[in-house]
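Novice: Sharing query-v8.cif here; it has mmCIF, C-alpha atoms.
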```
data_structure
#
loop_
_atom_site.group_PDB
_atom_site.id
_atom_site.type_symbol
_atom_site.label_atom_id
_atom_site.label_comp_id
_atom_site.auth_asym_id
_atom_site.auth_seq_id
_atom_site.Cartn_x
_atom_site.Cartn_y
_atom_site.Cartn_z
ATOM 1 C CA MET A 1 8.437 -47.862 4.363
ATOM 2 C CA THR A 2 10.308 -49.945 1.818
ATOM 3 C CA LEU A 3 9.778 -49.249 -1.834
ATOM 4 C CA GLY A 4 10.058 -51.904 -4.476
ATOM 5 C CA ARG A 5 9.252 -54.836 -2.199
ATOM 6 C CA ALA A 6 8.105 -57.702 -4.351
ATOM 7 C CA VAL A 7 4.825 -59.456 -3.558
ATOM 8 C CA LYS A 8 3.199 -62.471 -5.104
ATOM 9 C CA HIS A 9 0.371 -61.953 -7.524
ATOM 10 C CA PRO A 10 -3.014 -62.631 -5.893
ATOM 11 C CA ILE A 11 -3.691 -65.609 -8.210
ATOM 12 C CA GLY A 12 -1.799 -67.797 -5.817
ATOM 13 C CA PRO A 13 1.670 -68.870 -4.782
ATOM 14 C CA GLY A 14 3.884 -69.654 -7.707
ATOM 15 C CA ARG A 15 1.128 -69.168 -10.294
ATOM 16 C CA GLY A 16 1.660 -65.618 -11.420
ATOM 17 C CA PRO A 17 4.346 -63.043 -11.973
ATOM 18 C CA VAL A 18 5.919 -61.197 -9.102
ATOM 19 C CA VAL A 19 4.868 -57.501 -9.170
ATOM 20 C CA PRO A 20 6.044 -54.587 -7.085
ATOM 21 C CA ASP A 21 3.833 -53.419 -4.213
ATOM 22 C CA THR A 22 2.241 -50.274 -5.658
ATOM 23 C CA SER A 23 0.284 -49.338 -2.543
ATOM 24 C CA GLU A 24 3.452 -48.077 -0.863
ATOM 25 C CA ARG A 25 4.338 -46.070 -3.955
ATOM 26 C CA VAL A 26 0.895 -44.487 -4.008
ATOM 27 C CA VAL A 27 1.225 -43.549 -0.351
ATOM 28 C CA SER A 28 4.654 -42.006 -0.880
ATOM 29 C CA LEU A 29 3.429 -40.168 -4.005
ATOM 30 C CA ALA A 30 0.488 -38.754 -2.038
ATOM 31 C CA ALA A 31 2.815 -37.660 0.765
ATOM 32 C CA TRP A 32 5.127 -35.979 -1.746
ATOM 33 C CA ALA A 33 2.164 -34.200 -3.394
ATOM 34 C CA ALA A 34 0.865 -33.006 -0.019
ATOM 35 C CA TRP A 35 4.303 -31.736 0.946
ATOM 36 C CA THR A 36 4.666 -29.935 -2.425
ATOM 37 C CA LEU A 37 1.281 -28.274 -2.008
ATOM 38 C CA ALA A 38 2.132 -27.223 1.544
ATOM 39 C CA VAL A 39 5.428 -25.702 0.405
ATOM 40 C CA ALA A 40 3.726 -23.879 -2.478
ATOM 41 C CA HIS A 41 1.009 -22.570 -0.133
ATOM 42 C CA GLY A 42 3.659 -21.399 2.325
ATOM 43 C CA ARG A 43 5.500 -19.599 -0.467
ATOM 44 C CA ARG A 44 2.302 -17.893 -1.616
ATOM 45 C CA GLN A 45 1.609 -16.792 1.943
ATOM 46 C CA ALA A 46 5.181 -15.533 2.297
ATOM 47 C CA GLU A 47 4.944 -13.662 -1.018
ATOM 48 C CA GLY A 48 1.610 -12.154 0.082
ATOM 49 C CA MET A 49 3.143 -11.032 3.357
ATOM 50 C CA ALA A 50 6.145 -9.559 1.520
ATOM 51 C CA ARG A 51 3.812 -7.592 -0.777
ATOM 52 C CA GLU A 52 1.845 -6.388 2.224
ATOM 53 C CA ARG A 53 5.072 -5.225 3.896
ATOM 54 C CA LEU A 54 5.980 -3.386 0.679
ATOM 55 C CA TRP A 55 2.658 -1.499 0.672
ATOM 56 C CA HIS A 56 3.030 -0.833 4.401
ATOM 57 C CA ARG A 57 6.526 0.616 3.945
ATOM 58 C CA TRP A 58 5.360 2.639 0.937
ATOM 59 C CA LEU A 59 2.570 4.135 3.048
ATOM 60 C CA LEU A 60 4.998 4.960 5.863
ATOM 61 C CA LEU A 61 7.307 6.690 3.388
ATOM 62 C CA ALA A 62 4.400 8.587 1.811
ATOM 63 C CA ALA A 63 3.129 9.703 5.218
ATOM 64 C CA SER A 64 6.640 10.862 6.135
ATOM 65 C CA ILE A 65 6.793 12.913 2.928
ATOM 66 C CA VAL A 66 3.406 14.479 3.741
ATOM 67 C CA VAL A 67 4.736 15.453 7.189
ATOM 68 C CA GLY A 68 7.961 16.842 5.700
ATOM 69 C CA VAL A 69 6.217 18.925 3.036
ATOM 70 C CA GLY A 70 3.694 20.170 5.585
ATOM 71 C CA ALA A 71 6.476 21.194 7.938
ATOM 72 C CA ALA A 72 8.221 22.997 5.059
ATOM 73 C CA PHE A 73 4.977 24.897 4.372
ATOM 74 C CA VAL A 74 4.785 25.957 8.018
ATOM 75 C CA VAL A 75 8.396 27.190 7.921
ATOM 76 C CA LEU A 76 7.708 28.975 4.622
ATOM 77 C CA ALA A 77 4.689 30.660 6.164
ATOM 78 C CA LEU A 78 6.697 31.773 9.187
ATOM 79 C CA LEU A 79 9.422 33.209 6.957
ATOM 80 C CA GLY A 80 6.881 34.804 4.626
ATOM 81 C CA VAL A 81 5.908 33.496 1.197
ATOM 82 C CA PRO A 82 7.939 35.376 -1.428
ATOM 83 C CA SER A 83 5.855 37.127 -4.083
ATOM 84 C CA GLN A 84 7.988 35.511 -6.801
ATOM 85 C CA LEU A 85 6.837 32.112 -5.567
ATOM 86 C CA MET A 86 3.214 33.206 -5.694
ATOM 87 C CA ASP A 87 3.687 34.507 -9.241
ATOM 88 C CA PHE A 88 5.103 31.103 -10.178
ATOM 89 C CA LEU A 89 2.294 29.123 -8.550
ATOM 90 C CA TYR A 90 -0.586 31.009 -10.164
ATOM 91 C CA LEU A 91 -1.446 31.227 -13.847
ATOM 92 C CA PRO A 92 -0.382 34.403 -15.612
ATOM 93 C CA GLY A 93 -3.221 36.859 -15.996
ATOM 94 C CA GLN A 94 -4.978 35.773 -12.823
ATOM 95 C CA PRO A 95 -6.070 38.544 -10.510
ATOM 96 C CA ASP A 96 -3.534 39.631 -7.936
ATOM 97 C CA VAL A 97 -3.296 37.192 -5.093
ATOM 98 C CA ALA A 98 -4.076 38.233 -1.559
ATOM 99 C CA SER A 99 -1.699 40.104 0.666
ATOM 100 C CA ALA A 100 1.476 38.401 1.817
ATOM 101 C CA ASP A 101 0.100 37.973 5.345
ATOM 102 C CA THR A 102 -3.030 36.252 4.086
ATOM 103 C CA VAL A 103 -1.022 33.969 1.814
ATOM 104 C CA SER A 104 1.415 33.114 4.609
ATOM 105 C CA PHE A 105 -1.518 32.334 6.889
ATOM 106 C CA ALA A 106 -3.123 30.041 4.292
ATOM 107 C CA VAL A 107 0.147 28.260 3.528
ATOM 108 C CA GLY A 108 0.878 27.842 7.251
ATOM 109 C CA VAL A 109 -2.565 26.400 7.975
ATOM 110 C CA ALA A 110 -2.326 24.056 4.988
ATOM 111 C CA GLY A 111 1.105 22.918 6.184
ATOM 112 C CA ALA A 112 -0.131 22.315 9.710
ATOM 113 C CA VAL A 113 -3.049 20.251 8.400
ATOM 114 C CA MET A 114 -0.642 18.220 6.242
ATOM 115 C CA VAL A 115 1.578 17.545 9.258
ATOM 116 C CA GLY A 116 -1.448 16.354 11.243
ATOM 117 C CA TRP A 117 -2.702 14.191 8.386
ATOM 118 C CA GLY A 118 0.697 12.563 7.789
ATOM 119 C CA ALA A 119 1.406 12.172 11.507
ATOM 120 C CA SER A 120 -1.902 10.375 12.041
ATOM 121 C CA MET A 121 -1.041 7.913 9.263
ATOM 122 C CA LEU A 122 2.442 7.413 10.696
ATOM 123 C CA TYR A 123 1.140 6.889 14.216
ATOM 124 C CA ILE A 124 -1.394 4.307 13.091
ATOM 125 C CA TYR A 125 0.739 2.468 10.553
ATOM 126 C CA LEU A 126 3.924 2.310 12.635
ATOM 127 C CA ASP A 127 2.014 -0.418 14.451
ATOM 128 C CA PRO A 128 2.159 -3.359 11.981
ATOM 129 C CA THR A 129 -0.890 -4.984 13.584
ATOM 130 C CA MET A 130 -2.955 -2.207 12.015
ATOM 131 C CA LEU A 131 -2.513 -3.983 8.683
ATOM 132 C CA ASP A 132 -5.083 -6.459 9.987
ATOM 133 C CA ARG A 133 -7.657 -3.650 10.064
ATOM 134 C CA PRO A 134 -8.504 -2.681 6.475
ATOM 135 C CA ARG A 135 -11.271 -0.346 7.694
ATOM 136 C CA ILE A 136 -8.590 2.091 8.826
ATOM 137 C CA ALA A 137 -7.005 2.045 5.364
ATOM 138 C CA ARG A 138 -10.476 2.534 3.843
ATOM 139 C CA ALA A 139 -11.001 5.598 6.035
ATOM 140 C CA PHE A 140 -7.683 7.109 4.904
ATOM 141 C CA PHE A 141 -8.441 6.085 1.308
ATOM 142 C CA LEU A 142 -11.823 7.856 1.302
ATOM 143 C CA ALA A 143 -10.381 10.900 3.073
ATOM 144 C CA THR A 144 -7.559 11.112 0.511
ATOM 145 C CA VAL A 145 -9.973 10.870 -2.424
ATOM 146 C CA ALA A 146 -12.262 13.517 -0.885
ATOM 147 C CA TRP A 147 -9.297 15.831 -0.242
ATOM 148 C CA PHE A 148 -8.029 15.348 -3.793
ATOM 149 C CA ILE A 149 -11.372 16.084 -5.451
ATOM 150 C CA LEU A 150 -12.151 19.161 -3.359
ATOM 151 C CA ASP A 151 -8.655 20.657 -3.231
ATOM 152 C CA THR A 152 -7.923 20.050 -6.905
ATOM 153 C CA PHE A 153 -11.277 21.487 -8.028
ATOM 154 C CA MET A 154 -10.745 24.555 -5.830
ATOM 155 C CA SER A 155 -7.177 24.965 -7.064
ATOM 156 C CA ILE A 156 -8.215 24.881 -10.723
ATOM 157 C CA ALA A 157 -11.134 27.229 -10.046
ATOM 158 C CA VAL A 158 -8.857 29.915 -8.564
ATOM 159 C CA GLY A 159 -6.084 29.389 -11.103
ATOM 160 C CA ALA A 160 -3.573 27.625 -8.864
ATOM 161 C CA THR A 161 -2.797 24.910 -11.398
ATOM 162 C CA PHE A 162 0.556 24.192 -9.802
ATOM 163 C CA ASN A 163 -1.266 23.169 -6.633
ATOM 164 C CA ALA A 164 -3.540 20.887 -8.685
ATOM 165 C CA LEU A 165 -0.446 19.223 -10.171
ATOM 166 C CA PHE A 166 1.053 18.961 -6.698
ATOM 167 C CA ASN A 167 -2.165 17.245 -5.566
ATOM 168 C CA CYS A 168 -1.777 14.683 -8.366
ATOM 169 C CA LEU A 169 1.710 13.908 -7.088
ATOM 170 C CA PHE A 170 0.415 13.320 -3.557
ATOM 171 C CA LEU A 171 -2.494 11.252 -4.850
ATOM 172 C CA GLY A 172 -0.065 9.036 -6.778
ATOM 173 C CA LEU A 173 2.034 8.700 -3.650
ATOM 174 C CA LEU A 174 -0.777 7.852 -1.212
ATOM 175 C CA LEU A 175 -3.477 6.115 -3.202
ATOM 176 C CA PRO A 176 -1.721 2.881 -4.328
ATOM 177 C CA PRO A 177 -0.847 1.574 -0.846
ATOM 178 C CA LEU A 178 -4.156 2.759 0.613
ATOM 179 C CA ALA A 179 -6.113 1.116 -2.214
ATOM 180 C CA VAL A 180 -4.332 -2.212 -1.747
ATOM 181 C CA LEU A 181 -4.510 -2.183 2.051
ATOM 182 C CA SER A 182 -8.170 -1.139 2.055
ATOM 183 C CA SER A 183 -9.181 -3.803 -0.472
ATOM 184 C CA ARG A 184 -8.533 -6.617 1.982
ATOM 185 C CA SER A 185 -11.574 -8.217 3.551
ATOM 186 C CA GLY A 186 -12.341 -7.436 7.136
#
```
Turn this file's structure into structure tokens for me.
Specialist:
Amino acid sequence: MTLGRAVKHPIGPGRGPVVPDTSERVVSLAAWAAWTLAVAHGRRQAEGMARERLWHRWLLLAASIVVGVGAAFVVLALLGVPSQLMDFLYLPGQPDVASADTVSFAVGVAGAVMVGWGASMLYIYLDPTMLDRPRIARAFFLATVAWFILDTFMSIAVGATFNALFNCLFLGLLLPPLAVLSSRSG
């Protein structure tokens, strides 16, 4: 395609001014616009995929932290929860906490549940094709919200405010990627 080719004015040969052929310019302008739009669309798609990978990696990190903390709770339960730790976790003036064996049992069970919860997220989300299934993220999202409400309410009711604060930390860690991944259509 040659730009700037001169053509005779349609009035007739030799009767009018010579003007450039604008039809070729319009075609090339349209092609340039289409290419620009395609590039911009590709960039938006690439940016969307990069954001999705960020949320995916965040969720993998959060699930790994849940597994690690849960495993630490299991080890703590096996070693025996020190009474000084229990005094720190509960509000002053609260009734004496249960016996050391009961506390160790509760901490061990909670840790084991955390390991299972985090491991299930890791197992599912280590497969990147699971990002195409927002229903799975919605299930984890709803389960996380239900856990937070129930566990935090129970913790405040029995005076374990440190556990309620700990729950807020985990909610802040898990909820953002789950909210974004579960908000996708599908």
Novice: To test your reading of the syntax: which residues would the PyMOL selection byres ((chain A and resi 105-114) around 9) return for the file shown? Reply as a list in words.
Specialist: Val66, Val67, Gly68, Val69, Gly70, Ala71, Ala72, Phe73, Val74, Val75, Leu76, Ala77, Leu78, Val81, Ala100, Asp101, Thr102, Val103, Ser104, Val115, Gly116, Trp117, Gly118 and Ala119 of chain A
Novice: Around all the atoms of stretch 60-75 of chain A listed in the file, with 4 Å of room on each side, what axis-aligned box do you get, giving centre and edge lengths in Å to one decimal, as AutoDock Vina command-line options?
Specialist:
```
--center_x 5.8 --center_y 16.1 --center_z 4.9 --size_x 13.3 --size_y 30.2 --size_z 14.2
```
Novice: Using Å and a single decimal, report how far atom CA of A:Trp55 sits from atom CA of A:Leu122.
Specialist: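 Answer for the atom CA of A:Leu122 to atom CA of A:Trp55 separation: 13.4 Å.
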Novice: A:Leu126, A:Ala160, A:Phe153, A:Leu79: which is nearest A:Leu61, counting only C-alpha atoms?
Specialist: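 Among the listed residues, A:Leu126 lies closest to A:Leu61.
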Novice: Go through A:Ile136, A:Leu175, A:Val145, A:Ile156 and flag the residue nearest A:Met121, using only C-alpha atoms for the distances.
Specialist: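 Looking only at the distances to A:Met121, the closest residue turns out to be A:Ile136.
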Novice: Just how far from atom CA of A:Pro134 is atom CA of A:Leu181, in Å to one decimal?
Specialist: 6.0 Å
Novice: Return as a PyMOL selection string the set of residues that the PyMOL selection byres ((chain A and resi 163) around 12) yields on the displayed structure.
Specialist: chain A and resi 86+88-91+107+110+148+151-162+164-170
Novice: Expand the PyMOL selection byres ((chain A and resi 177) around 12) into the explicit residue set it covers here, and present it as a PyMOL selection string.
Specialist: chain A and resi 51-63+121+125+131+134+137-138+140-141+144+171-176+178-184
Novice: So how many Å separate atom CA of A:Ile65 and atom CA of A:Pro82, to one decimal?
Specialist: 22.9 Å
